[in-house]
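> Once you've had a glance at the structure underneath, I'll fire off some questions.
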Amino acid sequence: MNLLNTIVVGLKEVWAHKFRSLLTMLGIILGVASLVGMAAIIKGMENGMKETMIAMGGANKVLLEEQDVPIEQEHLSDQAPGRTMNDVEALRQSAPLLHLISPQMAIWGVTATHADKSVMPSQAVGVWPAAIDMNLHTLEHGRFFSDLDEENANAVCVIGTGIRDELFGSPEAAGHEIIPIGEVINLNGQPFTIVGMFAHYESEQDRKQRELAAKQPQAAQSGPPRRTGWGHGNWAFYRKNLTLYMPLNTAWMRFRAVGDTNGVPDNRLTDLDIKVKSLDQLDATLQQVRNVLMLTHRGIEDFGFHTQEDQLQRINQQIRNARMSGGIIAGISLLVGGIGIMNIMLASINERIREIGICKAVGATGLAVFTQVLIESIVIALLGAALGVAASYAFVRLLENISPTANAPVITPMTMVLAVAFSAAVGIVAGLFPAFKAARLDPIQALRYE
């Protein structure tokens, strides 16, 4: 009996006991569906996390953080200078391995108003032009700050589309693009002229949903509104769209130089971001930066480094843990499915003992019987795998409709191949014992079996 005939016989046996075979395959179906579905969810999480990391500046961005001084320097804590423009100038002159330096001076509690509308930016920050490349912003309309704006502390600003939507209305509501270049807004009562506006930032999932809604406006309006959720990939874009930048000197002169309640000006930077020229030289670059800052801080180590590489390692660790957990769950389901296949194959052999005896009596070898039973077991497992893959697609689509998030599940071909291969392996293992048992049947005793 050739392989094709063996497979056909196996399919006929499955078809002859449809309901029993479906119940047998149920464990495999659930195992494959859980494996593919879980992998799709984890892949979506991974894409969202990495999308967020890129939106926040890329892998070669390093944040120079302010931190407590070491224990041995606690007596010098009141002399710690923090991050200042002295650090920036020293790094520009003495750290050639750096690609970009971006000092930032945040203004807390700023409310932007226009007419009767107001909005609180996610970040109102005084920056240098390097902030565009540092934070991967795209200037879509107008201009950014010039050297003259910085020198004269001009009251100009560049805003994100989120601020535009809140103060001037969204393009979707107006039916046309709104570009508020030249408009004047008030920041805590001080008039600022908008000279530029960033592009609209959104996750890949949000972009697809927006394009689909534009193509099918009636379908988009029917039913309850869909929420995109607050997954890892969404908050970063929301935050960037509510960004307001002004020249660094403007932030200092108009908001920080007036001093606090004691009249003391605050010249410390809120953030000092750097970008390295090459990730291969990351350690050497950070050591170079540390050496420079130890000089400007008079030996007081009140700073530290937060790298995107650390974030990437945390992402990878979370993904590995999630995959391990999902793999264990799917493996248990497939193991249960394998036990079900072995059970049904043993029952099938008991039902077909006389048939096996007749086959052996007319010349069938033990190897042929062994192969037939094993193929039937594999056929059941592969059919279950195929149904499981189909079920995983339905599960992912259902998940998107019930609880749409910024991190859409992504089914990958490699996961499907792995699930089918694992199912075939389960079918082989589950069919070995019944196949050995069938192959070792004595034909005379089998023919006498009633």
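Every chain in the structure tokens has a letter given in the order shown (A, B, ...), and although residue numbers restart at 1 in each chain, ligands are simply numbered from 1 in the order shown.
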For A:Gly37, find every residue with an atom within 7 Å (counting only C-alpha atoms), except residues of its own chain fewer than 2 positions away, and show them as a count of residues only.
9
> What are the DSSP strand (DSSP E) residues of stretch 44-244 of chain A, as a ChimeraX atom specification?
/A:61-66,98-106,112-114,117-119,123-127,139-142,156-159,184-187,190-198,243-244
> I need the chosen residues saved as a CSV table (one decimal), in the first residue's frame, with N, CA and C atoms.

chain,number,residue,atom,x,y,z
A,61,LYS,N,19.4,57.0,21.3
A,61,LYS,CA,19.2,58.1,22.1
A,61,LYS,C,19.5,57.7,23.6
A,62,VAL,N,20.1,58.7,24.3
A,62,VAL,CA,20.5,58.4,25.7
A,62,VAL,C,20.0,59.6,26.5
A,63,LEU,N,19.3,59.4,27.6
A,63,LEU,CA,18.8,60.5,28.5
A,63,LEU,C,19.8,60.6,29.6
A,64,LEU,N,20.3,61.8,29.8
A,64,LEU,CA,21.2,62.1,30.9
A,64,LEU,C,20.3,62.5,32.1
A,65,GLU,N,20.2,61.6,33.0
A,65,GLU,CA,19.3,61.7,34.1
A,65,GLU,C,20.0,62.4,35.3
A,66,GLU,N,19.1,63.1,36.1
A,66,GLU,CA,19.6,63.6,37.4
A,66,GLU,C,19.3,62.6,38.5
A,98,LEU,N,29.8,62.2,20.4
A,98,LEU,CA,28.4,62.5,20.4
A,98,LEU,C,28.0,62.9,19.0
A,99,HIS,N,26.8,62.5,18.6
A,99,HIS,CA,26.2,63.0,17.3
A,99,HIS,C,25.3,64.2,17.5
A,100,LEU,N,24.5,64.2,18.6
A,100,LEU,CA,23.6,65.3,18.9
A,100,LEU,C,23.5,65.6,20.4
A,101,ILE,N,23.3,66.8,20.7
A,101,ILE,CA,23.1,67.2,22.1
A,101,ILE,C,21.8,68.1,22.1
A,102,SER,N,20.9,67.8,22.9
A,102,SER,CA,19.6,68.5,23.0
A,102,SER,C,19.2,68.9,24.4
A,103,PRO,N,19.5,70.1,24.8
A,103,PRO,CA,19.1,70.6,26.1
A,103,PRO,C,17.6,71.0,26.1
A,104,GLN,N,16.9,70.7,27.2
A,104,GLN,CA,15.5,71.0,27.2
A,104,GLN,C,15.2,71.7,28.6
A,105,MET,N,14.3,72.7,28.5
A,105,MET,CA,13.9,73.4,29.8
A,105,MET,C,12.4,73.4,29.8
A,106,ALA,N,11.8,72.5,30.6
A,106,ALA,CA,10.3,72.3,30.6
A,106,ALA,C,9.7,73.4,31.5
A,112,ALA,N,-2.4,76.5,27.4
A,112,ALA,CA,-2.5,77.3,26.1
A,112,ALA,C,-4.0,77.6,25.9
A,113,THR,N,-4.2,78.9,25.6
A,113,THR,CA,-5.6,79.3,25.3
A,113,THR,C,-5.7,80.1,24.0
A,114,HIS,N,-6.9,80.0,23.4
A,114,HIS,CA,-7.2,80.8,22.2
A,114,HIS,C,-8.7,81.0,22.1
A,117,LYS,N,-11.2,78.6,24.1
A,117,LYS,CA,-10.7,77.2,24.2
A,117,LYS,C,-9.4,77.2,24.9
A,118,SER,N,-9.1,76.1,25.6
A,118,SER,CA,-7.8,75.9,26.3
A,118,SER,C,-7.4,74.5,26.2
A,119,VAL,N,-6.1,74.3,26.4
A,119,VAL,CA,-5.6,72.9,26.4
A,119,VAL,C,-4.3,73.0,27.2
A,123,GLN,N,3.7,68.5,27.0
A,123,GLN,CA,5.0,69.0,27.4
A,123,GLN,C,5.2,70.4,26.7
A,124,ALA,N,5.4,71.4,27.5
A,124,ALA,CA,5.7,72.8,27.0
A,124,ALA,C,7.2,73.0,27.3
A,125,VAL,N,8.0,73.0,26.3
A,125,VAL,CA,9.5,72.9,26.5
A,125,VAL,C,10.2,73.9,25.7
A,126,GLY,N,11.2,74.5,26.3
A,126,GLY,CA,12.2,75.3,25.6
A,126,GLY,C,13.3,74.4,25.0
A,127,VAL,N,13.6,74.5,23.7
A,127,VAL,CA,14.5,73.5,23.1
A,127,VAL,C,15.4,74.3,22.1
A,139,LEU,N,8.5,68.4,10.9
A,139,LEU,CA,7.9,69.7,10.8
A,139,LEU,C,7.1,69.7,9.4
A,140,GLU,N,5.8,69.7,9.5
A,140,GLU,CA,5.0,69.6,8.3
A,140,GLU,C,4.6,71.0,7.7
A,141,HIS,N,4.4,72.0,8.6
A,141,HIS,CA,3.9,73.3,8.2
A,141,HIS,C,4.8,74.4,8.9
A,142,GLY,N,5.1,75.5,8.2
A,142,GLY,CA,5.8,76.6,8.8
A,142,GLY,C,7.3,76.3,8.9
A,156,VAL,N,7.7,82.8,20.1
A,156,VAL,CA,7.2,82.0,19.0
A,156,VAL,C,7.2,80.6,19.5
A,157,CYS,N,6.4,79.8,18.9
A,157,CYS,CA,6.2,78.4,19.3
A,157,CYS,C,5.9,77.5,18.1
A,158,VAL,N,6.2,76.2,18.3
A,158,VAL,CA,5.8,75.2,17.3
A,158,VAL,C,4.9,74.2,18.0
A,159,ILE,N,3.8,73.8,17.5
A,159,ILE,CA,2.9,73.0,18.2
A,159,ILE,C,2.6,71.6,17.5
A,184,VAL,N,-2.1,83.6,17.1
A,184,VAL,CA,-1.5,83.9,18.4
A,184,VAL,C,-2.3,83.2,19.5
A,185,ILE,N,-1.5,82.5,20.3
A,185,ILE,CA,-2.1,81.8,21.5
A,185,ILE,C,-1.5,82.4,22.7
A,186,ASN,N,-2.2,82.2,23.8
A,186,ASN,CA,-1.6,82.7,25.1
A,186,ASN,C,-1.2,81.5,25.9
A,187,LEU,N,0.0,81.6,26.5
A,187,LEU,CA,0.6,80.6,27.4
A,187,LEU,C,0.7,81.2,28.7
A,190,GLN,N,0.7,84.9,28.4
A,190,GLN,CA,1.7,85.6,27.5
A,190,GLN,C,1.4,85.2,26.1
A,191,PRO,N,1.3,86.2,25.2
A,191,PRO,CA,1.0,85.9,23.8
A,191,PRO,C,2.2,85.3,23.1
A,192,PHE,N,2.0,84.2,22.3
A,192,PHE,CA,3.0,83.5,21.5
A,192,PHE,C,2.4,83.3,20.1
A,193,THR,N,3.3,83.5,19.1
A,193,THR,CA,2.9,83.3,17.7
A,193,THR,C,3.3,81.9,17.3
A,194,ILE,N,2.4,81.2,16.7
A,194,ILE,CA,2.7,79.9,16.1
A,194,ILE,C,3.4,80.1,14.8
A,195,VAL,N,4.6,79.5,14.7
A,195,VAL,CA,5.4,79.6,13.5
A,195,VAL,C,5.5,78.3,12.8
A,196,GLY,N,5.2,77.2,13.4
A,196,GLY,CA,5.3,75.9,12.8
A,196,GLY,C,4.4,74.9,13.4
A,197,MET,N,4.1,73.8,12.7
A,197,MET,CA,3.3,72.7,13.3
A,197,MET,C,3.9,71.4,12.8
A,198,PHE,N,3.9,70.4,13.7
A,198,PHE,CA,4.5,69.1,13.4
A,198,PHE,C,3.4,68.3,12.7
A,243,THR,N,2.6,68.2,22.0
A,243,THR,CA,3.9,68.9,22.3
A,243,THR,C,3.8,70.4,21.9
A,244,LEU,N,4.4,71.2,22.7
A,244,LEU,CA,4.6,72.6,22.4
A,244,LEU,C,6.1,73.0,22.6
> Which is closest to A:Ala435 among A:Val362, A:Met345, A:Ala386, A:Ile339, if we use only C-alpha atoms?
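Of A:Val362, A:Met345, A:Ala386, A:Ile339, the one nearest A:Ala435 is A:Met345, counting only C-alpha atoms.
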> What is the distance between atom CA of A:Ala385 and atom CA of A:Gly331, in Å to one decimal?
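Atom-to-atom, atom CA of A:Ala385 and atom CA of A:Gly331 are spaced 13.2 Å apart.
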> Write out as a PyMOL selection string the residues lying within 12 Å of A:Pro443, counting only C-alpha atoms and excluding same-chain residues fewer than 2 positions away.
chain A and resi 353-366+369+438-441+445-449
> The selected residues should be written to file as a short mmCIF file (atom, residue, chain, number, x, y, z; two decimals), in the first residue's frame (atoms: C-alpha atoms).

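Saved the output as part.cif:
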data_model
loop_
_atom_site.label_atom_id
_atom_site.label_comp_id
_atom_site.auth_asym_id
_atom_site.auth_seq_id
_atom_site.Cartn_x
_atom_site.Cartn_y
_atom_site.Cartn_z
CA ILE A 353 -8.93 -6.39 15.28
CA ARG A 354 -10.60 -8.82 12.86
CA GLU A 355 -9.96 -6.42 9.97
CA ILE A 356 -6.27 -6.26 10.88
CA GLY A 357 -6.19 -10.07 11.14
CA ILE A 358 -7.66 -10.43 7.65
CA CYS A 359 -5.14 -7.95 6.25
CA LYS A 360 -2.26 -9.88 7.79
CA ALA A 361 -3.73 -13.20 6.63
CA VAL A 362 -3.76 -12.06 2.99
CA GLY A 363 -0.17 -10.83 3.13
CA ALA A 364 -0.04 -7.43 4.84
CA THR A 365 3.20 -6.99 6.79
CA GLY A 366 3.49 -5.68 10.30
CA VAL A 369 -0.17 -2.10 9.50
CA ALA A 438 -1.63 -3.18 15.89
CA ALA A 439 1.54 -4.32 14.10
CA ARG A 440 2.23 -7.04 16.74
CA LEU A 441 -1.24 -8.60 16.58
CA GLN A 445 -5.81 -14.67 17.35
CA ALA A 446 -7.11 -11.58 15.58
CA LEU A 447 -9.36 -13.69 13.30
CA ARG A 448 -10.76 -15.51 16.35
CA TYR A 449 -11.56 -12.18 18.09
#
> Please provide as a CSV table (one decimal) with N, CA and C atoms, in the first residue's frame all residues within 12 Å of A:Asn249, with the sequence filter that same-chain residues fewer than 4 positions apart are discarded (counting only C-alpha atoms).

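The file below, out19.csv, is the result:
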chain,number,residue,atom,x,y,z
A,85,MET,N,23.5,74.5,31.3
A,85,MET,CA,24.1,74.8,30.0
A,85,MET,C,25.6,74.7,30.0
A,103,PRO,N,19.5,70.1,24.8
A,103,PRO,CA,19.1,70.6,26.1
A,103,PRO,C,17.6,71.0,26.1
A,104,GLN,N,16.9,70.7,27.2
A,104,GLN,CA,15.5,71.0,27.2
A,104,GLN,C,15.2,71.7,28.6
A,105,MET,N,14.3,72.7,28.5
A,105,MET,CA,13.9,73.4,29.8
A,105,MET,C,12.4,73.4,29.8
A,106,ALA,N,11.8,72.5,30.6
A,106,ALA,CA,10.3,72.3,30.6
A,106,ALA,C,9.7,73.4,31.5
A,125,VAL,N,8.0,73.0,26.3
A,125,VAL,CA,9.5,72.9,26.5
A,125,VAL,C,10.2,73.9,25.7
A,126,GLY,N,11.2,74.5,26.3
A,126,GLY,CA,12.2,75.3,25.6
A,126,GLY,C,13.3,74.4,25.0
A,127,VAL,N,13.6,74.5,23.7
A,127,VAL,CA,14.5,73.5,23.1
A,127,VAL,C,15.4,74.3,22.1
A,128,TRP,N,16.4,73.6,21.7
A,128,TRP,CA,17.2,73.9,20.5
A,128,TRP,C,16.7,73.2,19.3
A,145,PHE,N,12.6,77.3,14.9
A,145,PHE,CA,13.2,78.5,15.4
A,145,PHE,C,14.5,78.8,14.7
A,146,SER,N,14.8,80.1,14.6
A,146,SER,CA,16.0,80.5,14.0
A,146,SER,C,17.0,81.0,15.1
A,147,ASP,N,18.2,81.3,14.7
A,147,ASP,CA,19.2,81.8,15.7
A,147,ASP,C,18.7,83.1,16.3
A,148,LEU,N,18.0,83.9,15.5
A,148,LEU,CA,17.5,85.2,15.9
A,148,LEU,C,16.4,85.0,17.0
A,149,ASP,N,15.5,84.0,16.8
A,149,ASP,CA,14.5,83.7,17.8
A,149,ASP,C,15.2,83.3,19.1
A,150,GLU,N,16.2,82.6,19.0
A,150,GLU,CA,16.9,82.1,20.3
A,150,GLU,C,17.6,83.3,20.9
A,151,GLU,N,18.3,84.1,20.1
A,151,GLU,CA,19.1,85.2,20.7
A,151,GLU,C,18.2,86.3,21.3
A,152,ASN,N,17.0,86.6,20.7
A,152,ASN,CA,16.1,87.6,21.2
A,152,ASN,C,15.0,87.1,22.1
A,153,ALA,N,15.0,85.8,22.3
A,153,ALA,CA,14.0,85.2,23.2
A,153,ALA,C,12.6,85.5,22.6
A,154,ASN,N,12.4,85.4,21.3
A,154,ASN,CA,11.1,85.7,20.7
A,154,ASN,C,10.0,84.8,21.2
A,155,ALA,N,8.8,85.4,21.3
A,155,ALA,CA,7.7,84.6,21.7
A,155,ALA,C,7.0,83.9,20.6
A,156,VAL,N,7.7,82.8,20.1
A,156,VAL,CA,7.2,82.0,19.0
A,156,VAL,C,7.2,80.6,19.5
A,245,TYR,N,6.8,73.4,21.6
A,245,TYR,CA,8.2,73.8,21.7
A,245,TYR,C,8.3,75.3,21.5
A,253,MET,N,13.9,83.1,29.8
A,253,MET,CA,13.7,84.5,30.0
A,253,MET,C,12.2,84.8,30.5
A,254,ARG,N,11.3,84.1,29.9
A,254,ARG,CA,9.9,84.4,30.1
A,254,ARG,C,9.2,83.6,31.3
A,255,PHE,N,9.8,82.5,31.6
A,255,PHE,CA,9.2,81.7,32.6
A,255,PHE,C,10.1,81.3,33.8
A,256,ARG,N,11.4,81.1,33.5
A,256,ARG,CA,12.3,80.6,34.6
A,256,ARG,C,13.1,81.6,35.2
A,257,ALA,N,13.5,82.7,34.5
A,257,ALA,CA,14.4,83.7,35.0
A,257,ALA,C,13.7,84.6,36.0
A,267,ASN,N,18.1,78.0,36.6
A,267,ASN,CA,18.8,77.8,35.3
A,267,ASN,C,19.0,76.3,35.0
A,269,LEU,N,18.5,72.6,33.7
A,269,LEU,CA,17.7,71.9,32.5
A,269,LEU,C,16.8,70.8,33.1
> Would you work out the distance separating atom CA of A:Pro180 from atom CA of A:Arg143, expressed in Å to one decimal?
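Distance between the two atoms: 12.4 Å.
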> If you measure from atom CA of A:Asp116 to atom CA of A:Ala251, what distance in Å do you get, rounded to one decimal?
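Going from atom CA of A:Asp116 over to atom CA of A:Ala251, I get 24.5 Å.
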> I need the residue nearest A:Ser77 from this list: A:Asp206, A:Glu351, A:Glu89, A:Glu301. Use only C-alpha atoms for the distance.
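With only C-alpha atoms as the atom set, the closest residue is A:Glu301.
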> Taking only C-alpha atoms into account, name the residue in A:Met38, A:Leu26, A:Ala115, A:Leu242 that is nearest to A:Thr412.
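Nearest to A:Thr412: A:Met38.
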> With only C-alpha atoms as the basis for distance, which of A:Ser278, A:Asn291, A:Asn86, A:Ser21 is at the shortest distance from A:Asn343?
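Closest to A:Asn343, using only C-alpha atoms: A:Ser21.
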> I'd like the neighbourhood of A:Thr138 as JSON, numbers by chain, where a residue qualifies if any of its atoms comes within 10 Å (using only C-alpha atoms), though same-chain residues fewer than 5 positions away should be ignored.
{"A": [132, 133, 160, 197, 198, 199, 200, 201]}
> Grab the residues selected above and save them as a short mmCIF file (atom, residue, chain, number, x, y, z; two decimals), in the first residue's frame with C-alpha atoms.

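New file again16.cif:
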data_model
loop_
_atom_site.label_atom_id
_atom_site.label_comp_id
_atom_site.auth_asym_id
_atom_site.auth_seq_id
_atom_site.Cartn_x
_atom_site.Cartn_y
_atom_site.Cartn_z
CA ILE A 132 13.59 67.73 16.07
CA ASP A 133 16.18 65.08 15.21
CA GLY A 160 1.60 69.44 17.60
CA MET A 197 3.27 72.72 13.26
CA PHE A 198 4.46 69.12 13.44
CA ALA A 199 3.02 66.26 11.41
CA HIS A 200 0.28 64.14 12.92
CA TYR A 201 1.73 61.10 14.68
#
> Fewer than 3 positions away in the same chain doesn't count, so skip those; otherwise give me all residues within 10 Å of A:Pro96, counting only C-alpha atoms, as a ChimeraX atom specification.
/A:91-93,99,276-277,285,288-289
